[in-house]
file input_24.cif (mmCIF, C-alpha atoms)
data_input
#
loop_
_atom_site.group_PDB
_atom_site.id
_atom_site.type_symbol
_atom_site.label_atom_id
_atom_site.label_comp_id
_atom_site.auth_asym_id
_atom_site.auth_seq_id
_atom_site.Cartn_x
_atom_site.Cartn_y
_atom_site.Cartn_z
ATOM 1 C CA MET A 10 133.011 117.230 100.522
ATOM 2 C CA VAL A 11 134.452 118.035 97.166
ATOM 3 C CA SER A 12 137.975 119.208 96.746
ATOM 4 C CA ILE A 13 138.392 121.707 93.968
ATOM 5 C CA PRO A 14 141.721 122.357 92.329
ATOM 6 C CA PRO A 15 143.300 125.778 92.804
ATOM 7 C CA LYS A 16 141.901 128.753 90.967
ATOM 8 C CA ARG A 17 142.165 128.186 87.293
ATOM 9 C CA PRO A 18 140.594 130.626 84.861
ATOM 10 C CA ILE A 19 138.433 128.948 82.299
ATOM 11 C CA GLY A 20 138.646 131.725 79.757
ATOM 12 C CA ALA A 21 141.632 133.037 77.902
ATOM 13 C CA THR A 22 142.091 136.694 78.726
ATOM 14 C CA SER A 23 141.643 138.948 81.716
ATOM 15 C CA GLU A 24 139.766 141.591 79.738
ATOM 16 C CA VAL A 25 136.563 139.631 79.554
ATOM 17 C CA PRO A 26 134.001 139.848 82.361
ATOM 18 C CA SER A 27 134.222 137.278 85.060
ATOM 19 C CA VAL A 28 132.137 136.132 87.963
ATOM 20 C CA PRO A 29 133.728 137.074 91.261
ATOM 21 C CA GLU A 30 134.593 134.460 93.794
ATOM 22 C CA THR A 31 131.709 133.389 95.912
ATOM 23 C CA THR A 32 131.279 132.453 99.512
ATOM 24 C CA ASN A 33 130.838 128.859 98.464
ATOM 25 C CA SER A 34 134.467 128.162 99.152
ATOM 26 C CA GLN A 35 134.281 124.613 97.880
ATOM 27 C CA GLU A 36 133.528 125.863 94.408
ATOM 28 C CA ALA A 37 135.197 129.237 94.599
ATOM 29 C CA ARG A 38 137.276 129.921 91.565
ATOM 30 C CA GLU A 39 137.497 132.554 88.938
ATOM 31 C CA LEU A 40 135.053 131.943 86.171
ATOM 32 C CA VAL A 41 135.721 133.705 82.906
ATOM 33 C CA LEU A 42 132.637 133.954 80.758
ATOM 34 C CA LYS A 43 134.351 135.176 77.574
ATOM 35 C CA ASP A 44 131.710 137.068 75.575
ATOM 36 C CA PRO A 45 128.520 136.574 77.627
ATOM 37 C CA ALA A 46 126.189 137.812 74.868
ATOM 38 C CA LEU A 47 127.665 135.445 72.307
ATOM 39 C CA ALA A 48 127.616 132.620 74.841
ATOM 40 C CA ALA A 49 123.950 133.309 75.589
ATOM 41 C CA PHE A 50 123.121 133.319 71.891
ATOM 42 C CA LEU A 51 124.973 130.059 71.353
ATOM 43 C CA ALA A 52 123.237 128.579 74.404
ATOM 44 C CA TRP A 53 119.895 129.483 72.895
ATOM 45 C CA LEU A 54 120.859 128.165 69.468
ATOM 46 C CA VAL A 55 121.917 124.747 70.734
ATOM 47 C CA PRO A 56 121.548 123.831 74.416
ATOM 48 C CA GLY A 57 124.971 123.665 76.035
ATOM 49 C CA LEU A 58 126.843 125.199 73.110
ATOM 50 C CA GLY A 59 127.363 128.467 74.963
ATOM 51 C CA HIS A 60 128.956 126.650 77.876
ATOM 52 C CA ILE A 61 131.202 124.647 75.600
ATOM 53 C CA TYR A 62 132.268 127.913 73.977
ATOM 54 C CA GLN A 63 133.190 129.198 77.436
ATOM 55 C CA GLY A 64 135.186 126.084 78.195
ATOM 56 C CA ARG A 65 132.607 124.774 80.669
ATOM 57 C CA THR A 66 132.415 121.522 78.764
ATOM 58 C CA ALA A 67 130.941 119.287 81.463
ATOM 59 C CA LYS A 68 128.011 121.606 82.064
ATOM 60 C CA GLY A 69 127.575 122.096 78.346
ATOM 61 C CA VAL A 70 127.318 118.367 77.789
ATOM 62 C CA LEU A 71 124.956 118.057 80.761
ATOM 63 C CA PHE A 72 122.639 120.749 79.396
ATOM 64 C CA PHE A 73 122.794 119.324 75.887
ATOM 65 C CA VAL A 74 121.991 115.769 76.926
ATOM 66 C CA CYS A 75 119.223 116.683 79.388
ATOM 67 C CA LEU A 76 117.469 119.264 77.237
ATOM 68 C CA MET A 77 117.831 117.584 73.877
ATOM 69 C CA ALA A 78 116.706 114.248 75.308
ATOM 70 C CA THR A 79 113.647 115.878 76.863
ATOM 71 C CA PHE A 80 112.818 117.728 73.665
ATOM 72 C CA ALA A 81 113.377 114.659 71.487
ATOM 73 C CA TYR A 82 111.267 112.478 73.734
ATOM 74 C CA GLY A 83 108.490 115.065 73.607
ATOM 75 C CA CYS A 84 108.713 115.048 69.819
ATOM 76 C CA TYR A 85 108.498 111.265 69.878
ATOM 77 C CA LEU A 86 105.478 111.279 72.166
ATOM 78 C CA GLY A 87 103.764 113.965 70.130
ATOM 79 C CA GLY A 88 103.758 112.167 66.826
ATOM 80 C CA SER A 89 103.552 108.864 65.039
ATOM 81 C CA ARG A 90 104.373 107.362 61.694
ATOM 82 C CA GLU A 91 100.823 107.960 60.640
ATOM 83 C CA THR A 92 100.562 111.600 61.661
ATOM 84 C CA GLY A 93 104.216 112.542 61.215
ATOM 85 C CA TRP A 94 106.677 113.122 64.044
ATOM 86 C CA ALA A 95 106.850 116.082 66.382
ATOM 87 C CA ARG A 96 103.381 117.311 65.540
ATOM 88 C CA VAL A 97 103.208 118.993 68.949
ATOM 89 C CA VAL A 98 105.914 121.469 67.940
ATOM 90 C CA TYR A 99 104.408 123.801 65.389
ATOM 91 C CA ALA A 100 103.979 127.498 64.847
ATOM 92 C CA ALA A 101 100.479 128.832 64.268
ATOM 93 C CA TRP A 102 99.024 132.223 64.979
ATOM 94 C CA ASP A 103 95.504 132.053 63.639
ATOM 95 C CA GLU A 104 92.146 132.782 65.177
ATOM 96 C CA ASP A 105 91.331 129.094 65.243
ATOM 97 C CA ASP A 106 94.684 127.908 66.553
ATOM 98 C CA THR A 107 96.984 130.213 68.444
ATOM 99 C CA ARG A 108 99.824 127.955 69.438
ATOM 100 C CA LEU A 109 101.096 129.652 72.588
ATOM 101 C CA PRO A 110 103.164 126.634 73.712
ATOM 102 C CA PHE A 111 105.474 127.340 70.787
ATOM 103 C CA LEU A 112 106.635 130.462 72.608
ATOM 104 C CA CYS A 113 108.076 128.112 75.230
ATOM 105 C CA GLN A 114 109.271 125.503 72.745
ATOM 106 C CA ILE A 115 111.278 128.031 70.739
ATOM 107 C CA GLY A 116 113.390 128.546 73.861
ATOM 108 C CA ILE A 117 115.388 125.512 72.797
ATOM 109 C CA GLY A 118 116.488 127.308 69.656
ATOM 110 C CA LEU A 119 117.592 125.503 66.527
ATOM 111 C CA PRO A 120 115.825 122.191 67.250
ATOM 112 C CA ALA A 121 112.461 123.998 67.100
ATOM 113 C CA MET A 122 113.296 125.973 63.963
ATOM 114 C CA PRO A 123 111.826 123.449 61.494
ATOM 115 C CA ALA A 124 108.432 124.485 62.840
ATOM 116 C CA LEU A 125 108.989 128.002 61.501
ATOM 117 C CA VAL A 126 110.047 126.644 58.120
ATOM 118 C CA GLN A 127 106.976 124.417 57.925
ATOM 119 C CA ALA A 128 104.678 127.225 59.001
ATOM 120 C CA SER A 129 106.171 129.468 56.345
ATOM 121 C CA ARG A 130 105.659 126.826 53.677
ATOM 122 C CA VAL A 131 102.046 126.260 54.688
ATOM 123 C CA ARG A 132 101.389 130.005 54.740
ATOM 124 C CA ASN A 133 102.706 130.197 51.169
ATOM 125 C CA ASN A 134 100.478 127.304 50.109
ATOM 126 C CA LYS A 135 103.370 124.875 49.787
ATOM 127 C CA ALA A 136 103.225 121.338 51.083
ATOM 128 C CA PRO A 137 105.160 120.634 54.291
ATOM 129 C CA ILE A 138 108.325 118.616 53.894
ATOM 130 C CA LEU A 139 109.687 115.658 55.876
ATOM 131 C CA ASN A 140 106.312 113.939 56.175
ATOM 132 C CA GLY A 141 104.845 116.824 58.136
ATOM 133 C CA PHE A 142 107.638 116.993 60.742
ATOM 134 C CA MET A 143 106.731 119.954 62.994
ATOM 135 C CA ALA A 144 104.146 121.080 60.462
ATOM 136 C CA PRO A 145 101.035 122.877 61.653
ATOM 137 C CA PRO A 146 97.804 120.880 61.496
ATOM 138 C CA ARG A 147 95.667 121.194 58.412
ATOM 139 C CA GLN A 148 93.133 124.002 58.565
ATOM 140 C CA GLY A 149 90.555 123.771 55.820
ATOM 141 C CA ASP A 150 92.398 123.919 52.524
ATOM 142 C CA ARG A 151 95.658 125.046 54.092
ATOM 143 C CA GLY A 152 98.243 122.413 54.846
ATOM 144 C CA VAL A 153 98.105 118.670 54.587
ATOM 145 C CA GLY A 154 97.744 115.814 57.000
ATOM 146 C CA PRO A 155 95.560 115.630 60.068
ATOM 147 C CA THR A 156 93.669 118.530 61.543
ATOM 148 C CA LEU A 157 94.168 119.532 65.158
ATOM 149 C CA ASP A 158 91.105 117.538 66.189
ATOM 150 C CA GLU A 159 92.393 114.487 64.373
ATOM 151 C CA LEU A 160 95.784 114.864 66.029
ATOM 152 C CA HIS A 161 94.102 114.874 69.432
ATOM 153 C CA GLN A 162 92.042 111.835 68.494
ATOM 154 C CA LYS A 163 95.018 109.868 67.221
ATOM 155 C CA LEU A 164 97.563 110.836 69.839
ATOM 156 C CA HIS A 165 95.214 111.031 72.827
ATOM 157 C CA THR A 166 97.057 111.998 75.997
ATOM 158 C CA TYR A 167 100.393 111.879 74.251
ATOM 159 C CA PHE A 168 99.606 115.117 72.453
ATOM 160 C CA GLU A 169 99.555 116.894 75.810
ATOM 161 C CA LEU A 170 102.493 114.921 77.168
ATOM 162 C CA GLY A 171 104.583 115.742 74.124
ATOM 163 C CA THR A 172 103.594 119.367 74.401
ATOM 164 C CA VAL A 173 104.584 119.476 78.064
ATOM 165 C CA TYR A 174 107.933 117.774 77.467
ATOM 166 C CA THR A 175 108.903 120.099 74.640
ATOM 167 C CA MET A 176 107.686 123.170 76.529
ATOM 168 C CA ILE A 177 109.689 122.267 79.615
ATOM 169 C CA ALA A 178 112.783 121.637 77.495
ATOM 170 C CA GLY A 179 112.439 125.096 75.980
ATOM 171 C CA LEU A 180 111.821 126.769 79.318
ATOM 172 C CA LEU A 181 114.709 124.992 81.015
ATOM 173 C CA ASN A 182 117.007 126.167 78.260
ATOM 174 C CA ILE A 183 116.233 129.724 79.334
ATOM 175 C CA LEU A 184 117.852 128.857 82.669
ATOM 176 C CA ALA A 185 120.825 127.484 80.774
ATOM 177 C CA ILE A 186 121.002 130.666 78.680
ATOM 178 C CA TYR A 187 121.048 132.762 81.841
ATOM 179 C CA ASP A 188 123.776 130.531 83.256
ATOM 180 C CA ALA A 189 125.858 131.032 80.123
ATOM 181 C CA TRP A 190 125.335 134.775 80.271
ATOM 182 C CA GLY A 191 125.828 135.448 83.967
ATOM 183 C CA GLY A 192 127.421 132.357 85.444
ATOM 184 C CA PRO A 193 125.933 130.119 88.084
ATOM 185 C CA VAL A 194 123.704 131.500 90.803
ATOM 186 C CA PHE A 195 125.606 130.165 93.753
ATOM 187 C CA PRO A 196 123.517 129.171 96.761
ATOM 188 C CA GLU A 197 123.621 131.388 99.788
ATOM 189 C CA PRO A 198 126.117 130.214 102.392
ATOM 190 C CA ASP A 199 125.003 128.542 105.582
ATOM 191 C CA LYS A 200 124.129 130.978 108.342
ATOM 192 C CA LYS A 201 126.385 129.161 110.799
ATOM 193 C CA LYS A 202 129.301 129.659 108.501
ATOM 194 C CA ASP A 203 128.378 133.311 108.125
ATOM 195 C CA ASP A 204 128.439 133.745 111.881
ATOM 196 C CA GLU A 205 131.832 132.127 112.095
ATOM 197 C CA ASP A 206 133.215 134.334 109.362
ATOM 198 C CA GLU A 207 131.815 137.562 110.757
ATOM 199 C CA ASP A 208 134.985 138.329 112.649
ATOM 200 C CA GLU A 209 137.207 137.766 109.671
ATOM 201 C CA PRO A 210 137.809 141.147 108.014
ATOM 202 C CA GLU A 211 138.521 139.788 104.552
ATOM 203 C CA ALA A 212 135.608 137.417 104.366
ATOM 204 C CA LYS A 213 134.199 137.108 100.879
ATOM 205 C CA THR A 214 130.750 138.431 100.133
ATOM 206 C CA PRO A 215 128.080 136.806 98.036
ATOM 207 C CA SER A 216 128.276 137.404 94.338
ATOM 208 C CA GLY A 217 125.100 139.445 94.486
ATOM 209 C CA GLN A 218 123.266 137.272 92.053
ATOM 210 C CA GLY A 219 120.868 135.993 94.649
ATOM 211 C CA GLY A 220 120.263 132.444 95.663
ATOM 212 C CA ASP A 221 117.474 129.956 95.785
ATOM 213 C CA GLN A 222 115.261 130.067 98.794
ATOM 214 C CA GLY A 223 114.246 126.580 99.632
ATOM 215 C CA LEU A 224 116.239 124.032 97.764
ATOM 216 C CA ASN A 225 119.734 124.575 99.015
ATOM 217 C CA GLY A 226 119.483 122.193 101.900
ATOM 218 C CA MET B 18 85.266 109.303 96.975
ATOM 219 C CA GLY B 19 88.931 108.894 97.771
ATOM 220 C CA ASN B 20 88.899 105.520 96.100
ATOM 221 C CA LEU B 21 87.235 107.089 93.086
ATOM 222 C CA LEU B 22 90.101 109.555 92.837
ATOM 223 C CA LEU B 23 92.575 106.693 92.750
ATOM 224 C CA ALA B 24 90.450 104.676 90.340
ATOM 225 C CA ASP B 25 90.082 107.558 87.916
ATOM 226 C CA MET B 26 93.800 108.257 87.825
ATOM 227 C CA ASN B 27 95.815 106.898 84.990
ATOM 228 C CA VAL B 28 98.528 105.843 87.362
ATOM 229 C CA HIS B 29 100.846 104.717 84.600
ATOM 230 C CA HIS B 30 101.012 108.299 83.401
ATOM 231 C CA LEU B 31 102.957 109.121 86.538
ATOM 232 C CA TRP B 32 105.950 107.321 85.025
ATOM 233 C CA TYR B 33 106.196 110.155 82.539
ATOM 234 C CA ALA B 34 106.979 112.487 85.421
ATOM 235 C CA ILE B 35 110.239 110.722 86.234
ATOM 236 C CA PRO B 36 112.277 111.900 83.220
ATOM 237 C CA LEU B 37 110.964 115.403 83.773
ATOM 238 C CA ILE B 38 111.908 115.362 87.450
ATOM 239 C CA VAL B 39 115.388 114.143 86.583
ATOM 240 C CA THR B 40 115.858 116.773 83.880
ATOM 241 C CA VAL B 41 114.451 119.646 85.889
ATOM 242 C CA SER B 42 116.544 118.689 88.921
ATOM 243 C CA LEU B 43 119.770 118.399 86.973
ATOM 244 C CA VAL B 44 119.303 121.587 84.975
ATOM 245 C CA TYR B 45 118.204 123.583 88.002
ATOM 246 C CA ALA B 46 121.137 122.304 90.053
ATOM 247 C CA ALA B 47 123.530 122.990 87.193
ATOM 248 C CA THR B 48 122.542 126.645 87.263
ATOM 249 C CA ARG B 49 123.572 126.778 90.946
ATOM 250 C CA HIS B 50 126.971 125.100 90.809
ATOM 251 C CA GLU B 51 129.951 124.816 88.550
ATOM 252 C CA GLU B 52 131.373 121.440 89.544
ATOM 253 C CA MET B 53 129.718 118.150 88.752
ATOM 254 C CA ALA B 54 129.683 116.634 92.255
ATOM 255 C CA PRO B 55 127.762 119.521 93.891
ATOM 256 C CA ILE B 56 125.444 119.579 90.891
ATOM 257 C CA LEU B 57 124.531 115.945 91.436
ATOM 258 C CA HIS B 58 124.067 116.403 95.182
ATOM 259 C CA HIS B 59 121.891 119.448 94.662
ATOM 260 C CA ALA B 60 119.922 117.674 91.935
ATOM 261 C CA LEU B 61 119.156 114.830 94.305
ATOM 262 C CA ARG B 62 117.836 117.254 96.909
ATOM 263 C CA VAL B 63 115.714 119.051 94.318
ATOM 264 C CA ALA B 64 114.291 115.748 93.057
ATOM 265 C CA VAL B 65 113.353 114.701 96.589
ATOM 266 C CA TRP B 66 111.792 118.108 97.156
ATOM 267 C CA ILE B 67 109.729 117.854 93.961
ATOM 268 C CA VAL B 68 108.525 114.336 94.745
ATOM 269 C CA GLY B 69 107.667 115.385 98.297
ATOM 270 C CA PHE B 70 105.728 118.343 97.003
ATOM 271 C CA MET B 71 103.824 116.110 94.592
ATOM 272 C CA VAL B 72 103.002 113.661 97.395
ATOM 273 C CA ILE B 73 101.731 116.461 99.625
ATOM 274 C CA VAL B 74 99.543 117.836 96.844
ATOM 275 C CA PHE B 75 98.252 114.328 96.162
ATOM 276 C CA VAL B 76 97.386 113.772 99.830
ATOM 277 C CA VAL B 77 95.610 117.116 100.065
ATOM 278 C CA LEU B 78 93.583 116.415 96.917
ATOM 279 C CA ALA B 79 92.796 112.891 98.123
ATOM 280 C CA LEU B 80 91.581 114.240 101.456
ATOM 281 C CA ILE B 81 89.447 116.851 99.727
ATOM 282 C CA ALA B 82 87.977 114.188 97.460
ATOM 283 C CA TRP B 83 87.348 111.964 100.458
ATOM 284 C CA TRP B 84 85.494 114.707 102.324
ATOM 285 C CA ILE B 85 83.356 115.827 99.404
#
call {"tool": "encode", "arguments": {"input": "input_24.cif", "output": "structure tokens"}}
result
Amino acid sequence: MVSIPPKRPIGATSEVPSVPETTNSQEARELVLKDPALAAFLAWLVPGLGHIYQGRTAKGVLFFVCLMATFAYGCYLGGSRETGWARVVYAAWDEDDTRLPFLCQIGIGLPAMPALVQASRVRNNKAPILNGFMAPPRQGDRGVGPTLDELHQKLHTYFELGTVYTMIAGLLNILAIYDAWGGPVFPEPDKKKDDEDEDEPEAKTPSGQGGDQGLNG
Amino acid sequence: MGNLLLADMNVHHLWYAIPLIVTVSLVYAATRHEEMAPILHHALRVAVWIVGFMVIVFVVLALIAWWI
């Protein structure tokens, strides 16, 4: 089992909201979340940044590496030198191409923002920059580069794979945002331990944030 | 029919699931714990659970394909 050092507040002041101690005694410690709204915004802007702001550096680095690597790999899969990179991340809201996956991809924040810039340029009849990086496919006279059909033909399965990777990165970042805002959702304690602690009058109660139902082991 | 299911699969595409399983497991576990050691333990359990679920779904689909 893991030995955790004595309670040590991560944040600076006592005025900021904090997550109460949990029944998971191995990890029980006071967790100061500083400004949760700002942390959530930072976590959306750059994965892990909100946690680093809160002083939870290890988790921040973990989120950053995992999510950015997944998003970057999806961008790599969903593009080529010929078509331009990251062609699976683009913003389009037309009758012919309503890009719903972008609603998931934008969950990763700043890394998906170039798609909005490119979409804005195309809408204003300007050529996309950066060799079509995150630019929407050409539709008739609008835009340059390959059309959506041509992208599918040239990238084959990798168009879908890249889309899935980038979507999952964006969706997972929503979990990270919630973690930055409200702290970790500690697993429910073992029932055996609950039974043992029933007689103890000052036994801690769960944090009230729920727990996962099947993956706690 | 079951053999057809296997033959039609692009098995090499399954490799692309591994990075996703790793990422999903780590991120999910990180939202449940604060310390790195429990995160890694939980992530391992989640990864095993995901792979097990995928295997079960595969077996069910293979059986269905075999019966049809």
call {"tool": "interface_residues", "arguments": {"input": "input_24.cif", "of": "chain A", "to": "chain B", "cutoff": "6 Å", "atoms": "all atoms listed in the file", "output": "list in words"}}
result
Cys75, Asp188, Pro193, Val194 and Phe195 of chain A
call {"tool": "resolve_selection", "arguments": {"input": "input_24.cif", "expression": "the PyMOL selection byres ((chain A and resi 187) around 12)", "output": "number ranges by chain"}}
result
A: 42, 45-53, 56-57, 59-60, 116, 180-186, 188-194, 218; B: 44-45, 47-49
call {"tool": "axis_aligned_box", "arguments": {"input": "input_24.cif", "around": "stretch 46-53 of chain B", "padding_each_side": "5 Å", "output": "lines of an AutoDock Vina configuration file"}}
result
center_x = 126.3
center_y = 122.5
center_z = 89.1
size_x = 20.2
size_y = 18.6
size_z = 13.8
call {"tool": "resolve_selection", "arguments": {"input": "input_24.cif", "expression": "the PyMOL selection byres ((chain A and resi 179) around 9)", "output": "JSON, numbers by chain"}}
result
{"A": [76, 80, 111, 112, 113, 114, 115, 116, 117, 118, 121, 174, 175, 176, 177, 178, 180, 181, 182, 183]}
call {"tool": "atom_distance", "arguments": {"input": "input_24.cif", "atom1": "atom CA of A:Thr172", "atom2": "atom CA of A:Gly69"}}
result
24.5 Å
call {"tool": "closest_residue", "arguments": {"input": "input_24.cif", "among": "A:Arg96, A:Lys68, A:Arg151, A:Arg130", "to": "A:Tyr167", "atoms": "all atoms listed in the file"}}
result
A:Arg96
call {"tool": "closest_residue", "arguments": {"input": "input_24.cif", "among": "A:Leu58, A:Lys163, A:Trp102, A:Thr156", "to": "A:Val70", "atoms": "only C-alpha atoms"}}
result
A:Leu58
call {"tool": "atom_distance", "arguments": {"input": "input_24.cif", "atom1": "atom CA of A:Gly149", "atom2": "atom CA of A:Gly171"}}
result
24.4 Å
call {"tool": "atom_distance", "arguments": {"input": "input_24.cif", "atom1": "atom CA of A:Val41", "atom2": "atom CA of A:Thr79"}}
result
29.0 Å
call {"tool": "residues_near_point", "arguments": {"input": "input_24.cif", "point": "(89.1, 128.4, 63.6)", "cutoff": "12 Å", "atoms": "only C-alpha atoms", "output": "ChimeraX atom specification"}}
result
/A:101-107,146-149,156-158
call {"tool": "build_atoms", "arguments": {"input": "input_24.cif", "residues": "stretch 184-193 of chain A", "atoms": "all heavy atoms", "output": "mmCIF file, keeping the file's coordinate frame"}}
result
data_model
loop_
_atom_site.group_PDB
_atom_site.id
_atom_site.type_symbol
_atom_site.label_atom_id
_atom_site.label_comp_id
_atom_site.auth_asym_id
_atom_site.auth_seq_id
_atom_site.Cartn_x
_atom_site.Cartn_y
_atom_site.Cartn_z
ATOM 1 N N LEU A 184 116.958 128.881 81.505
ATOM 2 C CA LEU A 184 117.852 128.857 82.669
ATOM 3 C C LEU A 184 119.305 128.660 82.231
ATOM 4 O O LEU A 184 120.217 129.287 82.750
ATOM 5 C CB LEU A 184 117.445 127.733 83.622
ATOM 6 C CG LEU A 184 116.204 127.926 84.486
ATOM 7 C CD1 LEU A 184 115.985 126.706 85.367
ATOM 8 C CD2 LEU A 184 116.324 129.168 85.341
ATOM 9 N N ALA A 185 119.466 127.748 81.266
ATOM 10 C CA ALA A 185 120.825 127.484 80.774
ATOM 11 C C ALA A 185 121.397 128.713 80.080
ATOM 12 O O ALA A 185 122.588 129.008 80.205
ATOM 13 C CB ALA A 185 120.808 126.289 79.828
ATOM 14 N N ILE A 186 120.548 129.435 79.355
ATOM 15 C CA ILE A 186 121.002 130.666 78.680
ATOM 16 C C ILE A 186 121.460 131.681 79.727
ATOM 17 O O ILE A 186 122.514 132.311 79.592
ATOM 18 C CB ILE A 186 119.868 131.250 77.812
ATOM 19 C CG1 ILE A 186 119.569 130.327 76.637
ATOM 20 C CG2 ILE A 186 120.224 132.645 77.320
ATOM 21 C CD1 ILE A 186 118.283 130.673 75.907
ATOM 22 N N TYR A 187 120.681 131.822 80.779
ATOM 23 C CA TYR A 187 121.048 132.762 81.841
ATOM 24 C C TYR A 187 122.364 132.349 82.495
ATOM 25 O O TYR A 187 123.200 133.183 82.829
ATOM 26 C CB TYR A 187 119.938 132.832 82.887
ATOM 27 C CG TYR A 187 120.236 133.809 83.997
ATOM 28 C CD1 TYR A 187 120.087 135.173 83.800
ATOM 29 C CD2 TYR A 187 120.706 133.371 85.230
ATOM 30 C CE1 TYR A 187 120.382 136.078 84.797
ATOM 31 C CE2 TYR A 187 121.010 134.267 86.236
ATOM 32 C CZ TYR A 187 120.837 135.616 86.021
ATOM 33 O OH TYR A 187 121.149 136.503 87.003
ATOM 34 N N ASP A 188 122.543 131.043 82.659
ATOM 35 C CA ASP A 188 123.776 130.531 83.256
ATOM 36 C C ASP A 188 124.972 130.834 82.358
ATOM 37 O O ASP A 188 126.057 131.148 82.837
ATOM 38 C CB ASP A 188 123.648 129.025 83.495
ATOM 39 C CG ASP A 188 124.835 128.468 84.254
ATOM 40 O OD1 ASP A 188 124.882 128.668 85.477
ATOM 41 O OD2 ASP A 188 125.711 127.858 83.621
ATOM 42 N N ALA A 189 124.765 130.726 81.047
ATOM 43 C CA ALA A 189 125.858 131.032 80.123
ATOM 44 C C ALA A 189 126.162 132.521 80.128
ATOM 45 O O ALA A 189 127.314 132.936 79.968
ATOM 46 C CB ALA A 189 125.494 130.573 78.712
ATOM 47 N N TRP A 190 125.148 133.325 80.319
ATOM 48 C CA TRP A 190 125.335 134.775 80.271
ATOM 49 C C TRP A 190 125.950 135.313 81.569
ATOM 50 O O TRP A 190 126.867 136.129 81.549
ATOM 51 C CB TRP A 190 123.996 135.456 80.016
ATOM 52 C CG TRP A 190 124.096 136.950 80.004
ATOM 53 C CD1 TRP A 190 124.664 137.734 79.043
ATOM 54 C CD2 TRP A 190 123.629 137.838 81.027
ATOM 55 N NE1 TRP A 190 124.583 139.056 79.396
ATOM 56 C CE2 TRP A 190 123.943 139.155 80.608
ATOM 57 C CE3 TRP A 190 122.974 137.662 82.233
ATOM 58 C CZ2 TRP A 190 123.624 140.265 81.368
ATOM 59 C CZ3 TRP A 190 122.653 138.769 82.994
ATOM 60 C CH2 TRP A 190 122.980 140.049 82.553
ATOM 61 N N GLY A 191 125.413 134.841 82.705
ATOM 62 C CA GLY A 191 125.828 135.448 83.967
ATOM 63 C C GLY A 191 126.565 134.529 84.912
ATOM 64 O O GLY A 191 126.899 134.942 86.020
ATOM 65 N N GLY A 192 126.779 133.284 84.524
ATOM 66 C CA GLY A 192 127.421 132.357 85.444
ATOM 67 C C GLY A 192 126.417 131.753 86.401
ATOM 68 O O GLY A 192 125.256 132.160 86.436
ATOM 69 N N PRO A 193 126.868 130.802 87.194
ATOM 70 C CA PRO A 193 125.933 130.119 88.084
ATOM 71 C C PRO A 193 125.462 131.010 89.223
ATOM 72 O O PRO A 193 126.200 131.886 89.678
ATOM 73 C CB PRO A 193 126.753 128.943 88.621
ATOM 74 C CG PRO A 193 128.166 129.388 88.498
ATOM 75 C CD PRO A 193 128.227 130.274 87.289
#
